[in-house]
2 protein chains.
Amino acid sequence: MKIALAQLNYHIGNFEANTNKIISTIKEAQANAADLVVFAELCISGYPARDFLEFTEFIALCDASAKQIASVCQDIACIIGLPTVNSSPEGKDLYNSAYFLENGTVKAVANKALLPNYDVFDEYRYFEPATDFHCIDFKGQRIALTICEDLWNNIDDPLYRTRPMDVLIQQRPDLMINIAASPFAVNHDQERMEVLSYNAKKYHLPLLYVNHIGAQTELIFDGGSMVYDAKGQIVDELDYFKEQVAYYNIEKIGVKEVSIQGEKPFTPDVSRMAKIEQIHQALILGIRDYFKKSGFTKATLGLSGGIDSALVCVLACGALGAENVMAVLLPSAYSSDHSIKDAEDLVKNLGCMSQTVAIKAITNSFENALEPQFAGLPFNIAEENIQSRSRAVILMAMCNKFGYILLNTSNKSEAAVGYGTLYGDMCGGISVLGDVYKTQVYELANHINREKEIIPQNSIVKPPSAELRPGQKDSDSLPEYDVLDRILKEYIEFRKSSTSIIAAGFEEAVVRKVIRLVNISEHKRYQTPPILRVSAKAFGMGRRMPIVGKYLS
Amino acid sequence: MKIALAQLNYHIGNFEANTNKIISTIKEAQANAADLVVFAELCISGYPARDFLEFTEFIALCDASAKQIASVCQDIACIIGLPTVNSSPEGKDLYNSAYFLENGTVKAVANKALLPNYDVFDEYRYFEPATDFHCIDFKGQRIALTICEDLWNNIDDPLYRTRPMDVLIQQRPDLMINIAASPFAVNHDQERMEVLSYNAKKYHLPLLYVNHIGAQTELIFDGGSMVYDAKGQIVDELDYFKEQVAYYNIEKIGVKEVSIQGEKPFTPDVSRMAKIEQIHQALILGIRDYFKKSGFTKATLGLSGGIDSALVCVLACGALGAENVMAVLLPSAYSSDHSIKDAEDLVKNLGCMSQTVAIKAITNSFENALEPQFAGLPFNIAEENIQSRSRAVILMAMCNKFGYILLNTSNKSEAAVGYGTLYGDMCGGISVLGDVYKTQVYELANHINREKEIIPQNSIVKPPSAELRPGQKDSDSLPEYDVLDRILKEYIEFRKSSTSIIAAGFEEAVVRKVIRLVNISEHKRYQTPPILRVSAKAFGMGRRMPIVGKYLS
């Protein structure tokens with residue numbers, strides 16, 4: 001038996017595109033003499049379709065796509081994922097299902113039992129957990145088909161007492177197939193490998209695992225589909241951040257053993273990507289898919305001469321092509337000469353478009369208009385924010401006039417402590433660095449410059465500044481970023497208390513200040529763009545906080 | 001036995017304030033010779049505490065508060081709600097619990113089984129469902145204590161096969177107590193009455209039900225705690241939108257019957273509030289608590305002379321006092337004279353503060369600055385948005401200088417179809433009307449004017465316009481609001497397909513246009529302020545949509 005794993009990029013709710021892509025892959029696999037093609041979890045609808053799943057019509061369109069795909073499965077079988085109706089009067093309306101399609105029809109259905117409902121996941125909002133599990137016989141082999149977390153069981157989610165594989169193994173399957181929708185986060189590829197290897201070994205069965213690739217707004221699916229043999233040893237690992245179809249031959253050897261072999265040679269671990277390059281690739285894919293799936297091609301951003309906007313500009317050029325990126329320099333009275341030069345050097349290095357729009361006359365006009373109200377009061381954050389917001393108005397006017405999407409350039413450290421202007425530098429269609437700490441911004445910049453200077457060295461080495469008043473430096477208001485980022489990580493990612501962070505050796509006053517800033521900035525983060533998620537705990541849909549909550553603020 | 005129901009306003013994570021309020025209520029009840037005081041679900045932490053529940057320290061603070069409260073429960077008992085640790089190695093980390101406190105200690109614990117995980121609710125994200133249920137004996141009466149949805153069972157949430165009351169009734173209780181956190185939505189009071197009456201009758205037991213009052217950002221808890229006798233007839237209904245403590249005498253009459261009587265006379269239905277007045281009160285409470293719980297006292301808003309901003313201004317004055325409301329008139333070249341006059345008349349009627357800041361010089365300075373980029377291109381949405389965004393910059397500068405919170409004035413109809421400028425009129429700390437359709441805005445305005453003209457009649461009767469270009473009217477781009485709102489309601493609240501909305505008699509082209517506008521505006525709504533929720537389906541946390549989703553867009 002020859003099985004194709006299809007690791008593809010889907011688009012939520014784009015039934016035509018998803019269905020066409022699946023059908024053409026089936027035909028390609030058929031031309032390559034495959035017996036079975038395996039697609040990812042909820043590939044028909046895209047993942048996560050969120051509250052679209054509450055629309056009866058949406059579910060009907062999924063069903064129609066499945067019928068269309070079934071009709072081409074004549075001399076080849078395929079596995080697809082889609083939401084299906086729970087026809088029992090009991091329980092939630094839907095199942096998260098896998099269809100086994102053969103001879104133009106649905107030969108078998110597997111429903112998901114272990115529904116993630118933490119961090120960015122809300123599956124229990126929509127789906128009824130399955131309680132029945134049956135293997136599927138195909139071409140003399142018995143397949144144990146599961147969906148994503150149903151095989152995620154060396155880590156402990158003890159909520160669910162029935163583990164699907166513990167039922168399926170009683171039916172003596174020959175191999176396991178798991179279809180998944182597992183988004184990228186740094187280190188998550190390692191976790192996946194451990195879980196998959198553990199399961200192959202535990203059940204002593206070969207395992208084929210298919211993931212999505214492609215970004216759906218904030219969630220970036222990195223692919224990395226994998227195949228393991230019955231000893232838990234890796235047979236193949238598909239590309240990360242790329243579509244790929246790969247083929248495997250499965251053969252019975254003896255009564256109980258099944259061999260699995262890829263068509264192309266594979267040497268484990270040789271080509272594994274460094275973590276920083278994973279983040280780099282993830283962000284590029286995140287930008288590219290946000291534009292493509294929104295029907296846009298061109299980006300704009302404000303280029304300050306600082307490291308954050310420089311990095312976003314490089315990533316945007318990587319994602320969209322330099323010819324589609326418009327960098328706008330928006331100097332004010334407080335911009336230093338070197339800032340403008342650094343920005344201009346970057347534009348030269350990248351070959352993107354650029355414009356310069358000075359904001360001094362604009363901020364003057366605001367200050368004149370507000371003179372009766374502000375008379376006699378000292379310059380403060382009000383005037384600082386007028387600068388940042390004037391820049392945003394210009395950038396958005398460029399978007400409205402020319403069809404750009406504005407890229408947000410705030411990093412995770414700033415977003416955490418509210419160091420940014422709402423409706424000013426916190427604007428944008430998508431936040432590129434909102435899940436990248438400032439210390440990681442430096443790491444990425446150096447990574448990008450590893451062969452030649454793309455980001456001007458001066459942007460990297462100078463002290464960070466918002467340049468909203470003379471001589472301003474980030475370190476006037478915030479701890480140094482290496483300290484700040486370590487405190488933030490303890491609080492945001494590990495949910496440690498101030499007491500335990502202080503006990504770990506950080507200065508008490510600094511810890512209390514940082515945590516207070518994080519908590520009182522919820523109202524700002526609420527109104528900022530969706531953030532490309534690259535960590536296990538990003539701001540946005542995966543971290544849901546009350547806004548008027550008082551705790552530690 | 002005398003039982004006090006305490007319907008109070010809590011603040012998420014404000015342990016000191018919540019605990020002090022609970023303790024002083026216990027002392028007050030003791031002075032009134034009560035035997036038992038009943039507080040609402042999760043009153044210690046406030047509801048919903050969201051991801052604060054993932055912090056070990058937050059849970060420890062809940063526990064510390066409970067101990068403090070227990071220490072005052074010497075000659076009086078009380079029921080409080082709080083998250084508690086699930087000590088079993090299986091299942092999620094927490095329970096949603098009720099403590100029965102007596103003699104300075106926790107006498108009994110009831111955990112919640114039926115955890116809502118739809119619309120605005122995410123309880124399954126945090127809590128393990130309970131499986132054990134035990135009545136509590138107190139002063140010769142046996143109490144069946146349940147938490148919110150555990151008694152929400154004439155509507156069908158068949159996911160959960162164990163209904164706590166079906167177990168508890170086997171233990172032959174004398175009365176039922178249900179502690180809840182049930183947010184306001186129009187008509188929800190009626191649903192609650194039906195469910196509670198149904199349960200009292202079904203189990204043939206008196207029922208005491210306690211709800212929260214007070215707003216937690218978008219969720220507004222309306223109170224309306226209730227008491228039913230064993231026939232399912234209402235004995236008392238507490239105030240809506242107000243704190244209240246009420247007392248009831250419970251006596252055994254015969255072997256199986258228990259009588260329940262309030263201390264004050266109650267005549268059902270006489271004083272029930274009209275729906276429009278419910279919305280009116282809800283919005284005032286929503287504004288007031290947003291400010292109070294954020295530590296702010298003063299609001300600002302842009303007053304255009306139109307009905308939406310006029311209504312928000314009236315509500316703000318009602319919530320915060322006219323002396324704390326600063327209306328800012330921001331006329332442009334396209335503002336009509338009558339608009340300015342209408343705004344000025346409203347300010348006079350309300351007695352709030354006002355300022356006028358003309359934006360013409362500012363928009364000119366933007367247009368001058370962008371002249372090289374925009375040369376030769378026609379006036380379009382770019383210039384329209386510059387006006388709206390210039391106003392936002394001024395309003396936010398006023399906030400930054402004087403400590404106001406900006407009130408957003410967009411209504412639900414506009415928010416639905418994206419008829420508004422992101423970072424312009426879509427700004428604000430809280431959206432007052434974002435869950436109020438335009439047709440309801442008119443209804444509210446007329447309701448407010450029912451005794452005398454507060455909102456100038458001209459603001460109500462003139463054709464709605466954004467006044468961003470000469471002679472602009474909302475009806476140039478949108479269907480008439482009575483048609484629009486009916487289509488929106490079908491799509492947003494009842495999740496009907498375009499096909500079925502068209503079948504209901506609406507024009508096909510209009511329906512398709514409206515639904516397309518709703519879907520392509522997700523990216524705008526994502527970045528707008530939290531919205532005071534008054535309907536069963538509000539934008540925000542209760543409606544979670546993909547941004548790059550293609551479905552019907």
# chains A, B, ... in the order shown; residues from 1 in each chain; ligands from 1

call {"tool": "residues_around", "arguments": {"residues": "Asn349 of chain A", "least_positions_apart": "5", "cutoff": "12 Å", "atoms": "only C-alpha atoms", "output": "ChimeraX atom specification"}}
result
/A:310,313-314,317,322,342-344,449,452-456

call {"tool": "closest_atom_pairs", "arguments": {"of": "chain B", "to": "chain A", "cutoff": "6 Å", "atoms": "only C-alpha atoms", "output": "JSON lines"}}
result
{"residue": "B:Ile12", "atom": "CA", "partner": "A:Gly549", "partner_atom": "CA", "distance": 4.8}
{"residue": "B:Gly13", "atom": "CA", "partner": "A:Tyr551", "partner_atom": "CA", "distance": 4.4}
{"residue": "B:Asn14", "atom": "CA", "partner": "A:Lys550", "partner_atom": "CA", "distance": 5.0}
{"residue": "B:Arg50", "atom": "CA", "partner": "A:Met545", "partner_atom": "CA", "distance": 5.6}
{"residue": "B:Asp51", "atom": "CA", "partner": "A:Met545", "partner_atom": "CA", "distance": 5.5}
{"residue": "B:Phe55", "atom": "CA", "partner": "A:Arg495", "partner_atom": "CA", "distance": 5.5}
{"residue": "B:Glu57", "atom": "CA", "partner": "A:Ser497", "partner_atom": "CA", "distance": 5.9}
{"residue": "B:Glu90", "atom": "CA", "partner": "A:Pro158", "partner_atom": "CA", "distance": 5.0}
{"residue": "B:Gly91", "atom": "CA", "partner": "A:Leu159", "partner_atom": "CA", "distance": 3.9}
{"residue": "B:Asn117", "atom": "CA", "partner": "A:Arg125", "partner_atom": "CA", "distance": 5.4}
{"residue": "B:Tyr118", "atom": "CA", "partner": "A:Arg125", "partner_atom": "CA", "distance": 5.5}
{"residue": "B:Arg125", "atom": "CA", "partner": "A:Asn117", "partner_atom": "CA", "distance": 5.4}
{"residue": "B:Pro158", "atom": "CA", "partner": "A:Glu90", "partner_atom": "CA", "distance": 5.0}
{"residue": "B:Leu159", "atom": "CA", "partner": "A:Gly91", "partner_atom": "CA", "distance": 3.9}
{"residue": "B:Thr217", "atom": "CA", "partner": "A:Val548", "partner_atom": "CA", "distance": 5.9}
{"residue": "B:Lys293", "atom": "CA", "partner": "A:Val548", "partner_atom": "CA", "distance": 5.8}
{"residue": "B:Ser294", "atom": "CA", "partner": "A:Val548", "partner_atom": "CA", "distance": 5.5}
{"residue": "B:Ile362", "atom": "CA", "partner": "A:Ser365", "partner_atom": "CA", "distance": 5.3}
{"residue": "B:Ser365", "atom": "CA", "partner": "A:Ile362", "partner_atom": "CA", "distance": 5.3}
{"residue": "B:Ala382", "atom": "CA", "partner": "A:Asn400", "partner_atom": "CA", "distance": 4.8}
{"residue": "B:Ala397", "atom": "CA", "partner": "A:Ala382", "partner_atom": "CA", "distance": 4.9}
{"residue": "B:Asn400", "atom": "CA", "partner": "A:Ala382", "partner_atom": "CA", "distance": 4.8}
{"residue": "B:Lys401", "atom": "CA", "partner": "A:Ala382", "partner_atom": "CA", "distance": 5.4}
{"residue": "B:Tyr423", "atom": "CA", "partner": "A:Tyr423", "partner_atom": "CA", "distance": 5.4}
{"residue": "B:Arg495", "atom": "CA", "partner": "A:Phe55", "partner_atom": "CA", "distance": 5.5}
{"residue": "B:Ser497", "atom": "CA", "partner": "A:Glu57", "partner_atom": "CA", "distance": 5.8}
{"residue": "B:Gln527", "atom": "CA", "partner": "A:Gln527", "partner_atom": "CA", "distance": 4.2}
{"residue": "B:Thr528", "atom": "CA", "partner": "A:Gln527", "partner_atom": "CA", "distance": 5.5}
{"residue": "B:Arg544", "atom": "CA", "partner": "A:Asp51", "partner_atom": "CA", "distance": 5.4}
{"residue": "B:Met545", "atom": "CA", "partner": "A:Asp51", "partner_atom": "CA", "distance": 5.4}
{"residue": "B:Val548", "atom": "CA", "partner": "A:Ser294", "partner_atom": "CA", "distance": 5.5}
{"residue": "B:Gly549", "atom": "CA", "partner": "A:Ile12", "partner_atom": "CA", "distance": 4.7}
{"residue": "B:Lys550", "atom": "CA", "partner": "A:Gly13", "partner_atom": "CA", "distance": 4.9}
{"residue": "B:Tyr551", "atom": "CA", "partner": "A:Gly13", "partner_atom": "CA", "distance": 4.4}

call {"tool": "write_last_selection", "arguments": {"atoms": "N, CA and C atoms", "output": "CSV table (one decimal), in the first residue's frame"}}
result
chain,number,residue,atom,x,y,z
B,12,ILE,N,-13.7,42.4,39.9
B,12,ILE,CA,-12.8,41.2,39.6
B,12,ILE,C,-11.4,41.5,40.2
B,13,GLY,N,-11.0,40.5,41.0
B,13,GLY,CA,-9.6,40.6,41.5
B,13,GLY,C,-9.4,41.6,42.6
B,14,ASN,N,-10.4,42.3,43.0
B,14,ASN,CA,-10.3,43.3,44.1
B,14,ASN,C,-10.6,42.6,45.4
B,50,ARG,N,-11.6,35.3,34.2
B,50,ARG,CA,-10.8,34.9,33.0
B,50,ARG,C,-9.5,34.2,33.4
B,51,ASP,N,-8.4,34.6,32.6
B,51,ASP,CA,-7.1,33.9,32.8
B,51,ASP,C,-6.4,34.2,34.1
B,55,PHE,N,-3.5,31.8,37.5
B,55,PHE,CA,-2.4,32.1,38.3
B,55,PHE,C,-2.6,31.5,39.7
B,57,GLU,N,-1.3,32.2,42.4
B,57,GLU,CA,-1.4,33.2,43.5
B,57,GLU,C,-2.8,33.8,43.6
B,90,GLU,N,-6.5,13.9,38.7
B,90,GLU,CA,-7.2,13.9,37.4
B,90,GLU,C,-8.0,15.2,37.2
B,91,GLY,N,-8.1,15.6,36.0
B,91,GLY,CA,-9.0,16.7,35.7
B,91,GLY,C,-8.4,18.0,35.7
B,117,ASN,N,-20.0,27.1,28.2
B,117,ASN,CA,-18.8,27.3,27.4
B,117,ASN,C,-19.2,27.8,26.0
B,118,TYR,N,-20.1,28.7,26.0
B,118,TYR,CA,-20.7,29.2,24.8
B,118,TYR,C,-20.8,30.7,24.9
B,125,ARG,N,-12.8,26.2,30.2
B,125,ARG,CA,-11.4,26.5,30.0
B,125,ARG,C,-10.6,26.3,31.4
B,158,PRO,N,-27.9,19.3,26.7
B,158,PRO,CA,-27.9,17.8,27.0
B,158,PRO,C,-26.5,17.2,27.1
B,159,LEU,N,-25.5,18.1,26.9
B,159,LEU,CA,-24.1,17.6,26.9
B,159,LEU,C,-23.8,16.9,28.2
B,217,THR,N,-16.5,45.4,32.8
B,217,THR,CA,-16.2,45.8,31.5
B,217,THR,C,-17.4,45.6,30.6
B,293,LYS,N,-14.5,51.2,38.4
B,293,LYS,CA,-13.6,50.0,38.6
B,293,LYS,C,-12.2,50.3,37.9
B,294,SER,N,-12.2,51.3,37.0
B,294,SER,CA,-10.9,51.6,36.4
B,294,SER,C,-10.2,52.7,37.2
B,362,ILE,N,-6.2,71.6,11.0
B,362,ILE,CA,-5.5,70.3,11.1
B,362,ILE,C,-5.6,69.5,9.9
B,365,SER,N,-3.4,70.7,7.3
B,365,SER,CA,-2.0,70.4,7.5
B,365,SER,C,-1.7,69.0,7.0
B,382,ALA,N,-9.8,58.4,1.9
B,382,ALA,CA,-8.6,58.8,2.6
B,382,ALA,C,-8.8,60.1,3.3
B,397,ALA,N,-5.9,63.5,23.0
B,397,ALA,CA,-5.0,64.5,23.7
B,397,ALA,C,-5.7,65.1,24.9
B,400,ASN,N,-5.4,62.5,27.6
B,400,ASN,CA,-4.1,62.4,28.1
B,400,ASN,C,-3.7,63.6,29.0
B,401,LYS,N,-4.3,64.8,28.6
B,401,LYS,CA,-3.9,66.0,29.4
B,401,LYS,C,-4.7,66.1,30.7
B,423,TYR,N,-9.5,53.9,14.3
B,423,TYR,CA,-8.6,54.9,14.9
B,423,TYR,C,-9.2,56.3,14.7
B,495,ARG,N,-28.1,33.7,13.3
B,495,ARG,CA,-27.1,33.0,12.5
B,495,ARG,C,-27.8,32.4,11.3
B,497,SER,N,-28.7,32.0,7.2
B,497,SER,CA,-27.9,32.2,6.0
B,497,SER,C,-28.6,33.2,5.1
B,527,GLN,N,-10.3,45.6,16.6
B,527,GLN,CA,-9.5,46.7,17.2
B,527,GLN,C,-10.4,47.7,17.9
B,528,THR,N,-11.6,47.5,18.1
B,528,THR,CA,-12.5,48.5,18.7
B,528,THR,C,-12.6,48.2,20.2
B,544,ARG,N,-16.9,35.2,18.2
B,544,ARG,CA,-15.5,35.0,17.9
B,544,ARG,C,-15.3,34.6,16.5
B,545,MET,N,-14.8,35.5,15.6
B,545,MET,CA,-14.8,35.2,14.2
B,545,MET,C,-13.4,35.2,13.7
B,548,VAL,N,-9.2,36.6,8.7
B,548,VAL,CA,-8.9,36.3,7.3
B,548,VAL,C,-9.9,35.3,6.7
B,549,GLY,N,-10.9,34.9,7.4
B,549,GLY,CA,-11.9,34.0,6.9
B,549,GLY,C,-12.6,34.5,5.6
B,550,LYS,N,-12.8,33.6,4.7
B,550,LYS,CA,-13.3,34.0,3.4
B,550,LYS,C,-14.9,33.8,3.3
B,551,TYR,N,-15.5,33.0,4.1
B,551,TYR,CA,-16.9,32.7,4.0
B,551,TYR,C,-17.8,33.8,3.7

call {"tool": "closest_residue", "arguments": {"among": "B:Lys231, B:Gly214, B:Ala536, B:Ile179", "to": "Asn199 of chain B", "atoms": "only C-alpha atoms"}}
result
B:Lys231

call {"tool": "select_by_dssp", "arguments": {"residues": "segment 244-454 of chain B", "states": "alpha helix (DSSP H)", "output": "ChimeraX atom specification"}}
result
/B:275-294,307-320,337-350,360-369,371-374,381-402,412-417,438-448

call {"tool": "atom_distance", "arguments": {"atom1": "atom CA of Ala66 of chain A", "atom2": "atom CA of Ile22 of chain A"}}
result
10.1 Å
